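Heads up, query-v4.cif below (mmCIF, C-alpha atoms):
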data_structure
loop_
_atom_site.label_atom_id
_atom_site.label_comp_id
_atom_site.auth_asym_id
_atom_site.auth_seq_id
_atom_site.Cartn_x
_atom_site.Cartn_y
_atom_site.Cartn_z
CA MET C 159 168.99 149.38 117.68
CA ARG C 160 165.38 150.56 117.62
CA LYS C 161 164.90 154.06 118.97
CA ILE C 162 161.75 154.79 120.95
CA THR C 163 160.68 158.17 122.27
CA ILE C 164 158.07 158.12 125.02
CA ILE C 165 156.09 161.25 125.77
CA ASN C 166 154.94 160.69 129.35
CA GLY C 167 151.88 162.87 129.90
CA CYS C 168 151.06 161.79 133.48
CA SER C 169 150.20 165.14 135.09
CA ASP C 170 151.14 164.20 138.66
CA GLY C 171 152.57 161.41 140.79
CA THR C 172 149.34 159.34 140.83
CA HIS C 173 150.91 156.77 138.51
CA SER C 174 154.42 156.76 139.95
CA VAL C 175 154.42 153.02 140.72
CA PHE C 176 153.44 152.34 137.13
CA GLU C 177 156.17 154.71 135.93
CA GLU C 178 158.80 152.90 138.03
CA ASN C 179 157.65 149.52 136.70
CA LEU C 180 157.81 150.89 133.19
CA THR C 181 161.43 152.03 133.62
CA THR C 182 162.41 148.67 135.16
CA GLU C 183 160.74 146.77 132.34
CA ILE C 184 162.37 148.93 129.65
CA GLU C 185 165.76 148.25 131.26
CA LYS C 186 165.27 144.53 130.53
CA HIS C 187 165.08 145.32 126.82
CA LYS C 188 168.16 147.53 126.65
CA ALA C 189 169.97 145.17 124.28
CA THR C 190 167.42 145.86 121.55
CA LEU C 191 165.67 149.10 122.48
CA SER C 192 167.06 152.56 123.02
CA VAL C 193 164.31 154.41 124.88
CA GLU C 194 164.15 158.07 125.76
CA ILE C 195 161.35 159.07 128.16
CA PHE C 196 160.22 162.67 128.53
CA LYS C 197 158.37 163.20 131.78
CA LEU C 198 156.42 166.30 130.81
CA ARG C 199 155.50 167.36 134.33
CA ASP C 200 159.20 167.86 135.15
CA MET C 201 159.81 169.92 132.02
CA ASN C 202 159.19 173.52 131.11
CA ILE C 203 156.97 173.44 128.03
CA GLY C 204 154.42 176.06 127.05
CA TYR C 205 151.24 175.83 125.03
CA CYS C 206 151.31 176.54 121.30
CA THR C 207 150.21 180.14 120.81
CA GLY C 208 149.29 179.76 117.14
CA CYS C 209 151.83 182.43 116.13
CA TRP C 210 152.89 180.51 112.99
CA SER C 211 156.50 181.64 113.39
CA CYS C 212 157.56 178.05 112.65
CA TRP C 213 155.76 178.33 109.31
CA ILE C 214 156.38 181.86 108.10
CA LYS C 215 159.14 183.57 110.10
CA THR C 216 161.78 181.03 111.12
CA PRO C 217 160.81 178.00 109.02
CA GLY C 218 160.74 174.80 111.06
CA LEU C 219 161.83 176.53 114.26
CA CYS C 220 159.45 177.20 117.16
CA SER C 221 159.69 180.69 118.64
CA ILE C 222 158.94 179.59 122.22
CA LYS C 223 162.13 179.28 124.25
CA ASP C 224 161.55 176.25 126.45
CA ASP C 225 162.36 172.52 126.66
CA MET C 226 160.38 171.49 123.57
CA PRO C 227 163.35 171.34 121.13
CA GLN C 228 164.71 168.32 123.08
CA ILE C 229 161.47 166.49 122.32
CA LEU C 230 161.33 167.60 118.69
CA ARG C 231 164.89 166.32 118.07
CA SER C 232 164.14 163.06 119.82
CA VAL C 233 160.89 162.56 117.88
CA GLU C 234 162.70 163.17 114.60
CA ALA C 235 165.45 160.72 115.54
CA SER C 236 163.10 157.99 116.74
CA ASP C 237 161.71 154.97 114.94
CA ARG C 238 158.57 155.22 117.02
CA THR C 239 157.21 157.99 119.23
CA VAL C 240 154.72 156.84 121.84
CA PHE C 241 152.25 159.05 123.67
CA LEU C 242 151.68 157.70 127.16
CA SER C 243 148.77 159.24 129.03
CA PRO C 244 146.22 158.45 131.67
CA VAL C 245 142.60 159.09 130.72
CA SER C 246 141.65 162.60 131.73
CA MET C 247 138.09 163.84 131.19
CA ASP C 248 137.70 161.02 128.63
CA PHE C 249 140.71 162.27 126.67
CA VAL C 250 144.49 162.33 127.09
CA THR C 251 145.85 164.90 129.55
CA ALA C 252 146.31 168.56 128.59
CA GLN C 253 150.06 167.96 129.09
CA THR C 254 149.91 165.34 126.33
CA LYS C 255 147.73 167.40 123.98
CA LYS C 256 150.09 170.33 124.41
CA ILE C 257 152.90 168.27 122.88
CA CYS C 258 150.76 167.26 119.89
CA ASP C 259 150.18 170.97 119.15
CA ARG C 260 153.86 171.74 119.50
CA LEU C 261 154.71 169.19 116.77
CA ILE C 262 153.60 171.51 113.97
CA PRO C 263 157.12 172.87 113.32
CA LEU C 264 157.77 169.37 111.93
CA VAL C 265 155.47 170.00 108.96
CA HIS C 266 155.33 172.65 106.29
CA PRO C 267 152.47 175.15 105.96
CA TYR C 268 151.95 174.15 102.31
CA ILE C 269 148.92 171.98 101.66
CA LYS C 270 148.65 169.06 99.25
CA VAL C 271 146.12 166.33 98.66
CA TYR C 272 147.07 163.02 100.28
CA GLY C 273 144.64 160.11 100.15
CA GLY C 274 141.88 162.42 98.95
CA GLU C 275 142.30 164.86 101.88
CA CYS C 276 144.14 168.13 102.37
CA HIS C 277 147.23 167.74 104.54
CA HIS C 278 150.41 169.63 105.26
CA VAL C 279 153.47 168.94 103.16
CA SER C 280 156.32 167.10 104.93
CA ARG C 281 159.27 169.13 106.18
CA TYR C 282 161.48 166.16 107.04
CA ASP C 283 162.44 163.18 104.91
CA SER C 284 160.88 160.76 107.34
CA TYR C 285 158.76 160.65 110.45
CA PRO C 286 158.56 158.05 113.20
CA GLU C 287 155.67 155.66 113.59
CA LEU C 288 153.34 156.81 116.32
CA GLY C 289 152.01 154.92 119.30
CA LEU C 290 149.38 155.51 121.95
CA LEU C 291 149.46 153.91 125.39
CA LEU C 292 146.36 154.90 127.28
CA LEU C 293 146.20 154.20 131.00
CA ASP C 294 142.61 153.41 131.87
CA PRO C 295 141.72 151.15 134.79
CA ASP C 296 138.22 150.61 133.25
CA LYS C 297 139.62 149.81 129.78
CA ASP C 298 136.50 151.37 128.31
CA GLU C 299 136.58 150.39 124.60
CA GLU C 300 134.30 153.17 123.33
CA ARG C 301 136.28 155.86 125.15
CA PHE C 302 139.54 154.39 123.83
CA ASP C 303 138.17 154.33 120.29
CA VAL C 304 137.33 158.05 120.37
CA ILE C 305 140.86 158.91 121.54
CA ARG C 306 142.57 156.44 119.18
CA ASN C 307 140.65 157.91 116.25
CA ILE C 308 142.10 161.38 116.98
CA PHE C 309 145.64 159.98 117.16
CA GLU C 310 145.07 158.10 113.91
CA ARG C 311 144.17 161.41 112.29
CA LEU C 312 147.26 163.01 113.82
CA SER C 313 149.42 160.27 112.32
CA ILE C 314 147.97 160.98 108.85
CA ASN C 315 148.93 164.64 109.24
CA LEU C 316 152.48 163.58 110.17
CA LYS C 317 152.71 161.20 107.15
CA SER C 318 153.06 158.43 109.67
CA SER C 319 150.87 155.67 111.03
CA LEU C 320 149.54 154.80 114.46
CA SER C 321 151.22 151.42 114.52
CA LEU C 322 150.71 150.80 118.22
CA SER C 323 147.64 151.60 120.29
CA MET C 324 146.85 149.92 123.58
CA VAL C 325 144.61 150.64 126.52
CA ILE C 326 146.23 149.25 129.62
CA GLY C 327 145.86 149.03 133.38
CA GLU C 328 148.83 149.30 135.71
CA THR C 329 149.55 145.69 136.67
CA GLU C 330 153.08 144.37 136.15
CA THR C 331 151.86 141.96 133.46
CA GLU C 332 150.26 144.81 131.54
CA VAL C 333 153.38 146.96 131.82
CA SER C 334 155.48 144.04 130.61
CA ASN C 335 153.15 143.44 127.64
CA ALA C 336 153.18 147.11 126.74
CA VAL C 337 156.97 147.30 126.80
CA SER C 338 157.25 144.15 124.66
CA SER C 339 155.08 145.89 122.06
CA LEU C 340 157.25 149.00 121.88
CA MET T 730 118.99 183.50 129.78
CA GLN T 731 122.66 183.58 130.63
CA TYR T 732 124.91 182.79 127.64
CA LEU T 733 128.55 182.18 128.31
CA LEU T 734 130.67 182.10 125.17
CA PHE T 735 134.20 180.75 125.32
CA ASN T 736 136.85 181.68 122.76
CA GLY T 737 139.23 178.71 122.86
CA SER T 738 141.80 180.13 120.46
CA PRO T 739 145.36 180.65 121.74
CA ARG T 740 145.31 183.76 119.52
CA GLY T 741 142.50 185.25 121.59
CA LYS T 742 140.89 188.29 120.00
CA THR T 743 142.92 188.20 116.80
CA GLY T 744 141.84 184.82 115.48
CA ASN T 745 138.98 183.38 113.48
CA SER T 746 137.24 182.16 116.65
CA GLU T 747 136.52 185.81 117.45
CA ILE T 748 134.95 186.37 114.00
CA ILE T 749 132.74 183.34 114.57
CA LEU T 750 131.82 184.56 118.07
CA ASN T 751 130.94 188.03 116.80
CA ASN T 752 128.53 186.50 114.27
CA LEU T 753 127.03 184.28 116.93
CA ILE T 754 126.59 187.23 119.31
CA GLU T 755 124.91 189.27 116.59
CA GLY T 756 122.36 186.50 116.16
CA LEU T 757 121.88 185.94 119.88
CA SER T 758 121.32 189.67 120.49
CA HIS T 759 118.00 189.45 118.62
CA SER T 760 116.62 187.53 121.55
CA SER T 761 115.28 189.75 124.34
CA GLY T 762 116.57 189.07 127.81
CA ALA T 763 119.74 187.37 126.62
CA SER T 764 122.70 188.17 128.81
CA ILE T 765 125.88 187.40 126.90
CA GLU T 766 129.40 187.16 128.25
CA VAL T 767 132.56 186.22 126.35
CA ILE T 768 135.59 184.70 128.03
CA ARG T 769 138.81 184.18 126.08
CA LEU T 770 140.62 181.11 127.34
CA SER T 771 144.07 182.17 126.12
CA ARG T 772 145.19 183.34 129.58
CA PRO T 773 145.48 180.82 132.45
CA SER T 774 143.54 183.14 134.80
CA SER T 775 140.66 183.35 132.33
CA ARG T 776 140.43 179.55 132.30
CA GLU T 777 139.97 179.64 136.08
CA GLU T 778 137.33 182.33 135.65
CA ALA T 779 135.53 180.26 133.01
CA VAL T 780 135.36 177.28 135.39
CA GLN T 781 133.89 179.48 138.15
CA LYS T 782 131.24 180.96 135.88
CA ILE T 783 130.09 177.80 134.10
CA ILE T 784 127.86 176.78 137.04
CA SER T 785 125.58 179.79 136.75
CA ALA T 786 125.23 179.75 132.93
CA ASP T 787 122.16 178.41 131.10
CA CYS T 788 124.05 177.91 127.88
CA VAL T 789 127.75 177.61 127.07
CA ILE T 790 129.12 177.67 123.54
CA LEU T 791 132.78 176.77 123.21
CA VAL T 792 134.46 177.94 120.00
CA PHE T 793 137.93 176.71 119.07
CA PRO T 794 140.24 176.15 116.10
CA LEU T 795 141.22 172.59 115.22
CA TYR T 796 144.76 172.00 116.53
CA THR T 797 146.37 168.73 115.46
CA ASP T 798 142.99 167.07 114.94
CA ALA T 799 141.46 168.07 118.26
CA MET T 800 141.07 170.97 120.69
CA PRO T 801 144.05 173.30 121.38
CA GLY T 802 146.08 172.39 124.49
CA ILE T 803 144.72 175.39 126.40
CA VAL T 804 141.16 174.15 125.81
CA MET T 805 142.10 170.72 127.17
CA ASP T 806 143.61 172.48 130.18
CA PHE T 807 140.24 174.19 130.71
CA ILE T 808 138.36 170.89 130.25
CA GLU T 809 140.56 169.22 132.89
CA LYS T 810 139.61 171.96 135.33
CA LEU T 811 135.96 170.88 134.91
CA GLU T 812 136.74 167.53 136.58
CA PRO T 813 134.85 168.50 139.81
CA TYR T 814 131.69 169.06 137.75
CA LYS T 815 131.49 165.56 136.25
CA SER T 816 127.86 164.34 136.04
CA SER T 817 126.57 167.50 137.69
CA LEU T 818 125.86 170.20 135.09
CA HIS T 819 122.31 168.93 134.41
CA GLU T 820 120.80 172.33 133.67
CA LEU T 821 123.53 173.38 131.25
CA ASN T 822 123.05 173.46 127.48
CA LEU T 823 126.44 172.90 125.94
CA GLY T 824 127.35 173.47 122.31
CA PHE T 825 130.54 173.72 120.27
CA ILE T 826 131.84 175.44 117.15
CA VAL T 827 135.00 173.91 115.72
CA HIS T 828 136.72 175.63 112.83
CA SER T 829 139.65 174.45 110.75
CA GLY T 830 141.91 175.90 108.10
CA PHE T 831 141.43 172.62 106.25
CA PRO T 832 138.49 172.97 103.87
CA GLU T 833 136.81 169.62 104.67
CA GLY T 834 134.37 169.08 107.51
CA LYS T 835 135.66 165.50 107.74
CA GLN T 836 138.85 166.68 109.47
CA SER T 837 136.88 167.79 112.54
CA ARG T 838 134.62 164.75 112.95
CA ALA T 839 137.00 162.88 115.25
CA VAL T 840 136.98 165.68 117.82
CA GLU T 841 133.22 166.06 117.40
CA ARG T 842 132.84 162.50 118.70
CA TYR T 843 134.86 163.52 121.74
CA LEU T 844 132.73 166.63 122.36
CA VAL T 845 129.58 164.48 122.49
CA ARG T 846 131.27 162.30 125.12
CA LEU T 847 132.43 165.32 127.08
CA THR T 848 128.88 166.68 127.25
CA THR T 849 127.63 163.35 128.58
CA LEU T 850 130.50 163.17 131.05
CA LEU T 851 129.49 166.55 132.48
CA GLY T 852 125.83 165.50 132.61
CA ALA T 853 124.95 168.48 130.40
CA LYS T 854 122.44 168.79 127.54
CA TYR T 855 124.06 168.67 124.10
CA ALA T 856 123.25 171.65 121.88
CA GLY T 857 125.29 170.23 118.98
CA THR T 858 128.59 170.85 117.24
CA VAL T 859 129.03 173.19 114.31
CA VAL T 860 132.00 172.36 112.11
CA ALA T 861 133.00 175.49 110.21
CA ALA T 862 135.70 174.29 107.83
CA GLY T 863 137.82 176.53 105.62
CA SER T 864 138.15 179.17 108.34
CA MET T 865 141.10 180.91 106.69
CA GLY T 866 138.38 182.52 104.64
CA LEU T 867 134.93 181.94 106.12
CA SER T 868 132.37 182.59 103.38
CA THR T 869 129.57 185.12 103.81
CA LYS T 870 127.18 182.17 103.59
CA GLN T 871 128.95 180.46 106.51
CA GLN T 872 128.97 183.66 108.56
CA LYS T 873 125.26 184.21 107.90
CA ALA T 874 124.55 180.61 108.94
CA ILE T 875 126.39 181.26 112.23
CA ARG T 876 124.34 184.43 112.83
CA ASP T 877 121.17 182.44 112.13
CA LEU T 878 122.35 179.73 114.52
CA GLY T 879 122.61 182.48 117.14
CA SER T 880 119.11 183.82 116.45
CA SER T 881 117.48 180.41 116.55
CA LEU T 882 119.35 179.04 119.57
CA PRO T 883 117.26 180.71 122.34
CA GLU T 884 114.05 179.05 121.12
CA THR T 885 115.19 175.44 121.19
CA MET T 886 118.56 175.52 122.97
CA VAL T 887 119.79 173.21 120.22
CA PHE T 888 121.69 174.16 117.05
CA ASP T 889 119.38 173.77 114.04
CA PRO T 890 120.72 170.84 111.91
CA ASN T 891 119.98 172.68 108.64
CA LEU T 892 121.96 175.69 109.78
CA ILE T 893 124.75 173.44 111.03
CA SER T 894 125.12 172.03 107.54
CA ARG T 895 125.01 175.53 105.99
CA ALA T 896 127.83 176.64 108.27
CA SER T 897 129.99 173.66 107.47
CA GLN T 898 131.05 174.14 103.82
CA PHE T 899 131.58 170.58 102.49
CA GLU T 900 132.38 167.25 104.10
CA GLU T 901 134.92 165.78 101.69
CA LEU T 902 136.82 166.88 98.61
CA SER T 903 135.08 165.89 95.39
CA LYS T 904 137.10 164.48 92.49
CA ALA T 905 136.78 167.83 90.71
CA MET T 906 138.10 169.71 93.74
CA ILE T 907 141.07 167.36 94.01
CA LEU T 908 141.92 168.08 90.36
CA ILE T 909 141.63 171.82 90.96
CA ILE T 910 143.86 171.69 94.06
CA LYS T 911 146.46 169.67 92.14
CA LEU T 912 146.37 172.27 89.39
CA LEU T 913 146.69 175.12 91.89
CA ASN T 914 149.65 173.31 93.41
CA LYS T 915 151.37 172.96 90.03
CA THR T 916 150.90 176.61 89.19
CA GLY T 917 151.96 177.77 92.66
CA PHE T 918 148.60 179.42 93.34
CA MET T 919 147.68 177.01 96.12
CA ASN T 920 150.31 178.32 98.50
CA LEU T 921 150.37 181.93 97.43
CA TYR T 922 149.33 183.12 100.89
CA TRP T 923 152.19 181.23 102.56
CA ASP T 924 154.74 182.33 99.96
CA LYS T 925 153.75 185.97 100.39
CA SER T 926 154.08 185.73 104.16
CA LEU T 927 157.42 183.90 103.92
CA LYS T 928 158.80 186.50 101.50
CA LYS T 929 157.57 189.38 103.64
CA ASN T 930 159.55 187.90 106.54
CA GLY T 931 162.64 187.23 104.42
CA ALA T 932 162.23 183.51 105.12
CA PHE T 933 161.26 182.19 101.70
CA ALA T 934 164.66 180.74 100.79
CA ASP T 935 164.75 178.81 104.08
CA ARG T 936 161.22 177.54 103.86
CA PHE T 937 162.21 173.87 103.76
CA ALA T 938 164.68 174.16 106.66
CA LYS T 939 165.01 171.11 108.93
CA PRO T 940 166.39 172.55 112.19
CA TYR T 941 165.53 169.51 114.34
CA ALA T 942 167.01 166.89 112.00
CA LYS T 943 169.07 164.07 113.51
#
Would you write the structure of this file as structure tokens?
Amino acid sequence: MRKITIINGCSDGTHSVFEENLTTEIEKHKATLSVEIFKLRDMNIGYCTGCWSCWIKTPGLCSIKDDMPQILRSVEASDRTVFLSPVSMDFVTAQTKKICDRLIPLVHPYIKVYGGECHHVSRYDSYPELGLLLLDPDKDEERFDVIRNIFERLSINLKSSLSLSMVIGETETEVSNAVSSL
Amino acid sequence: MQYLLFNGSPRGKTGNSEIILNNLIEGLSHSSGASIEVIRLSRPSSREEAVQKIISADCVILVFPLYTDAMPGIVMDFIEKLEPYKSSLHELNLGFIVHSGFPEGKQSRAVERYLVRLTTLLGAKYAGTVVAAGSMGLSTKQQKAIRDLGSSLPETMVFDPNLISRASQFEELSKAMILIIKLLNKTGFMNLYWDKSLKKNGAFADRFAKPYAK
């Protein structure tokens, strides 16, 4: 069964109808998909402080004692990890960006050349594919492209690929399409 | 002229953003009548303060380290707090300095595109983005370029493109550099800094640990 981790970066209840529809739709696929959703606003997760403990003191282990290890384990166990976020100031929410920063324990501080660029050496044998589901009622293509580009770069740094990226509204059809693409 | 300088590093005073800011301030200080204030965004209360003060500034320069290909989470938290000011900061000159441990400027171009959009979203005037790559050891040439950017900013309120390129090191690795890095990797020199730190902390043997493995 395919394992999907969803990082839900909706900062408040504005999108709660969408979130309910998403859960209902995922339920319909339970024969083929095992989905774990992390609703960040209900979790206790701090910002990365740049202390580098995970690189030089306790290799691979973040020093912040909060709920992040649940997400890190789930990401590592998943076939695809999907960032779900509404547009916020033309980017993803700070909640969502916070999780990206907290992924650095998954890579090694060592640097090597990959595809002609410097990148961190892998810590784990494999990484999930990444996905981006951007909630944007305007479906502004230029705005989406700027955000997608940053997540594409992130996927290079995680030796992964951004194999799913969609900008969606909140209608039931769109939710259903998004879940079918998971 | 009221200059408000934001240090967007989660490390606050002890990071490379502060070194960059100090160079910028040194340059800016040459201009008479420049009032300069620094706010470090590492504390939540300082992010509130920064939002309050942005309205009365003539020029804001936001300095931050590249975190997973974009701004650190705390900087995005600050940016979200600017939501009430969308399309309203018409008098503000807004510029950015992004620095990365990675040596190539290329790694910061994706977030640069976002910073242009952000400036437009706020209705502000874009002073430009300086990409200072290789910040684990900023060269004297780069630091001088940042000081010169500070001295020339008051005149035009835009970062001089020639100085931007002097501050940026190089855009992409050349074939020769790739060969050198591969050689440094083989000989162990490439990661000497990390190995020293790991050994100092007694963590060298565990350096490939996989604590979150399935």
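Comparing T:Thr858, T:Lys782, T:Ser775, T:Ser897 by their smallest distance to Lys873 in chain T, the closest is T:Ser897 (using all atoms listed in the file).
Atom to atom, CA of Phe899 in chain T and CA of Gly834 in chain T stand 5.9 Å apart.
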| request: Show me which bits of chain C are within 7 Å of chain T, counting only C-alpha atoms, as a PyMOL selection string. | output: chain C and resi 205+207-208+214-219+230-231+234-235+246-248+252+255-256+258-259+267-268+271+274-276+281-282+304+307-308+311-312
Output file for the residues above (C-alpha atoms, as a short mmCIF file (atom, residue, chain, number, x, y, z; two decimals), in the frame of the given file):
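Result written to out18.cif:
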data_model
loop_
_atom_site.label_atom_id
_atom_site.label_comp_id
_atom_site.auth_asym_id
_atom_site.auth_seq_id
_atom_site.Cartn_x
_atom_site.Cartn_y
_atom_site.Cartn_z
CA TYR C 205 151.24 175.83 125.03
CA THR C 207 150.21 180.14 120.81
CA GLY C 208 149.29 179.76 117.14
CA ILE C 214 156.38 181.86 108.10
CA LYS C 215 159.14 183.57 110.10
CA THR C 216 161.78 181.03 111.12
CA PRO C 217 160.81 178.00 109.02
CA GLY C 218 160.74 174.80 111.06
CA LEU C 219 161.83 176.53 114.26
CA LEU C 230 161.33 167.60 118.69
CA ARG C 231 164.89 166.32 118.07
CA GLU C 234 162.70 163.17 114.60
CA ALA C 235 165.45 160.72 115.54
CA SER C 246 141.65 162.60 131.73
CA MET C 247 138.09 163.84 131.19
CA ASP C 248 137.70 161.02 128.63
CA ALA C 252 146.31 168.56 128.59
CA LYS C 255 147.73 167.40 123.98
CA LYS C 256 150.09 170.33 124.41
CA CYS C 258 150.76 167.26 119.89
CA ASP C 259 150.18 170.97 119.15
CA PRO C 267 152.47 175.15 105.96
CA TYR C 268 151.95 174.15 102.31
CA VAL C 271 146.12 166.33 98.66
CA GLY C 274 141.88 162.42 98.95
CA GLU C 275 142.30 164.86 101.88
CA CYS C 276 144.14 168.13 102.37
CA ARG C 281 159.27 169.13 106.18
CA TYR C 282 161.48 166.16 107.04
CA VAL C 304 137.33 158.05 120.37
CA ASN C 307 140.65 157.91 116.25
CA ILE C 308 142.10 161.38 116.98
CA ARG C 311 144.17 161.41 112.29
CA LEU C 312 147.26 163.01 113.82
#
| said: Between CA of Leu292 in chain C and CA of Leu320 in chain C, what is the distance in Å, rounded to a tenth? | reply: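 Atom-to-atom, CA of Leu292 in chain C to CA of Leu320 in chain C, that is 13.2 Å.
With distances restricted to all atoms listed in the file, C:Ser169 is the closest residue to Arg199 in chain C from C:Ser174, C:Ser169, C:Gln228, C:Trp213.
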| field | Selected residue of minimal separation from Ala786 in chain T among T:Thr849, T:Ser817, T:Asn822, T:Asn751, counting only C-alpha atoms | value | T:Asn822
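Across the chains present, the PyMOL selection byres ((chain C and resi 322-338) around 7) applied to this file returns Phe176, Asn179, Leu180, Glu183, Ile184, Leu288, Gly289, Leu290, Leu291, Leu292, Leu293, Asp294, Pro295, Lys297, Phe302, Leu320, Ser321, Ser339 and Leu340 of chain C.
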| Using the chain letters and numbers from the file, which residues does the PyMOL selection byres ((chain C and resi 314-317) around 8) grab, as a list of chain:residue names? | C:Val265, C:His277, C:His278, C:Ser280, C:Tyr285, C:Glu310, C:Arg311, C:Leu312, C:Ser313, C:Ser318, C:Ser319, T:Thr797
Output the selection as a PDB file, in the coordinates of the input - C-alpha atoms for each residue.
ATOM      1  CA  VAL C 265     155.470 170.000 108.960  1.00  0.00           C
ATOM      2  CA  HIS C 277     147.230 167.740 104.540  1.00  0.00           C
ATOM      3  CA  HIS C 278     150.410 169.630 105.260  1.00  0.00           C
ATOM      4  CA  SER C 280     156.320 167.100 104.930  1.00  0.00           C
ATOM      5  CA  TYR C 285     158.760 160.650 110.450  1.00  0.00           C
ATOM      6  CA  GLU C 310     145.070 158.100 113.910  1.00  0.00           C
ATOM      7  CA  ARG C 311     144.170 161.410 112.290  1.00  0.00           C
ATOM      8  CA  LEU C 312     147.260 163.010 113.820  1.00  0.00           C
ATOM      9  CA  SER C 313     149.420 160.270 112.320  1.00  0.00           C
ATOM     10  CA  SER C 318     153.060 158.430 109.670  1.00  0.00           C
ATOM     11  CA  SER C 319     150.870 155.670 111.030  1.00  0.00           C
TER      12      SER C 319
ATOM     13  CA  THR T 797     146.370 168.730 115.460  1.00  0.00           C
TER      14      THR T 797
END
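Atom to atom, CA of Tyr814 in chain T and CA of Ala763 in chain T stand 24.5 Å apart.
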To test the calculation: enclose all listed atoms of range 253-263 of chain C in a box whose edges run along x, y and z, add 5 Å on each side, then state centre and edge lengths in Å to one decimal, as JSON.
{"center_x": 152.4, "center_y": 169.1, "center_z": 121.2, "size_x": 19.4, "size_y": 17.5, "size_z": 25.8}
Given the file shown, enumerate the residues that the PyMOL selection byres ((chain T and resi 895) around 9) captures and present them as a PDB file with C-alpha atoms, keeping the file's coordinate frame.
ATOM      1  CA  LYS T 870     127.180 182.170 103.590  1.00  0.00           C
ATOM      2  CA  GLN T 871     128.950 180.460 106.510  1.00  0.00           C
ATOM      3  CA  LYS T 873     125.260 184.210 107.900  1.00  0.00           C
ATOM      4  CA  ALA T 874     124.550 180.610 108.940  1.00  0.00           C
ATOM      5  CA  ILE T 875     126.390 181.260 112.230  1.00  0.00           C
ATOM      6  CA  PRO T 890     120.720 170.840 111.910  1.00  0.00           C
ATOM      7  CA  ASN T 891     119.980 172.680 108.640  1.00  0.00           C
ATOM      8  CA  LEU T 892     121.960 175.690 109.780  1.00  0.00           C
ATOM      9  CA  ILE T 893     124.750 173.440 111.030  1.00  0.00           C
ATOM     10  CA  SER T 894     125.120 172.030 107.540  1.00  0.00           C
ATOM     11  CA  ALA T 896     127.830 176.640 108.270  1.00  0.00           C
ATOM     12  CA  SER T 897     129.990 173.660 107.470  1.00  0.00           C
ATOM     13  CA  GLN T 898     131.050 174.140 103.820  1.00  0.00           C
ATOM     14  CA  PHE T 899     131.580 170.580 102.490  1.00  0.00           C
TER      15      PHE T 899
END
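Compared by their closest atoms to Pro883 in chain T, and using all atoms listed in the file, the residues T:Ser758, T:Ser864, T:Thr869, T:Thr848 rank with T:Ser758 nearest.
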| task | Select, from T:Val780, T:Ile765, T:Leu791, T:Val887, the residue with the minimum atom-to-atom distance to Ser746 in chain T, counting all atoms listed in the file. | result | T:Leu791
| field | Nearby residues (all atoms listed in the file) at most 8 Å from Ile164 in chain C, same-chain spacing under 2 positions excluded, as a count of residues only | value | 10
Incomplete range 738-749 of chain T brought to N, CA and C atoms, written out as a short mmCIF file (atom, residue, chain, number, x, y, z; two decimals), in the coordinates of the input:
data_model
loop_
_atom_site.label_atom_id
_atom_site.label_comp_id
_atom_site.auth_asym_id
_atom_site.auth_seq_id
_atom_site.Cartn_x
_atom_site.Cartn_y
_atom_site.Cartn_z
N SER T 738 140.63 179.97 121.31
CA SER T 738 141.80 180.13 120.46
C SER T 738 142.98 180.69 121.24
N PRO T 739 144.16 180.08 121.10
CA PRO T 739 145.36 180.65 121.74
C PRO T 739 145.65 182.06 121.22
N ARG T 740 145.10 182.42 120.07
CA ARG T 740 145.31 183.76 119.52
C ARG T 740 144.35 184.79 120.11
N GLY T 741 143.44 184.34 120.94
CA GLY T 741 142.50 185.25 121.59
C GLY T 741 141.69 186.06 120.59
N LYS T 742 141.73 187.38 120.78
CA LYS T 742 140.89 188.29 120.00
C LYS T 742 141.23 188.33 118.52
N THR T 743 142.47 187.95 118.16
CA THR T 743 142.92 188.20 116.80
C THR T 743 142.70 187.01 115.85
N GLY T 744 142.00 186.00 116.32
CA GLY T 744 141.84 184.82 115.48
C GLY T 744 140.45 184.71 114.86
N ASN T 745 140.26 183.60 114.13
CA ASN T 745 138.98 183.38 113.48
C ASN T 745 137.87 183.01 114.47
N SER T 746 138.26 182.49 115.64
CA SER T 746 137.24 182.16 116.65
C SER T 746 136.46 183.41 117.02
N GLU T 747 137.16 184.55 117.07
CA GLU T 747 136.52 185.81 117.45
C GLU T 747 135.52 186.24 116.37
N ILE T 748 135.88 186.03 115.10
CA ILE T 748 134.95 186.37 114.00
C ILE T 748 133.68 185.53 114.12
N ILE T 749 133.89 184.25 114.41
CA ILE T 749 132.74 183.34 114.57
C ILE T 749 131.89 183.79 115.76
#
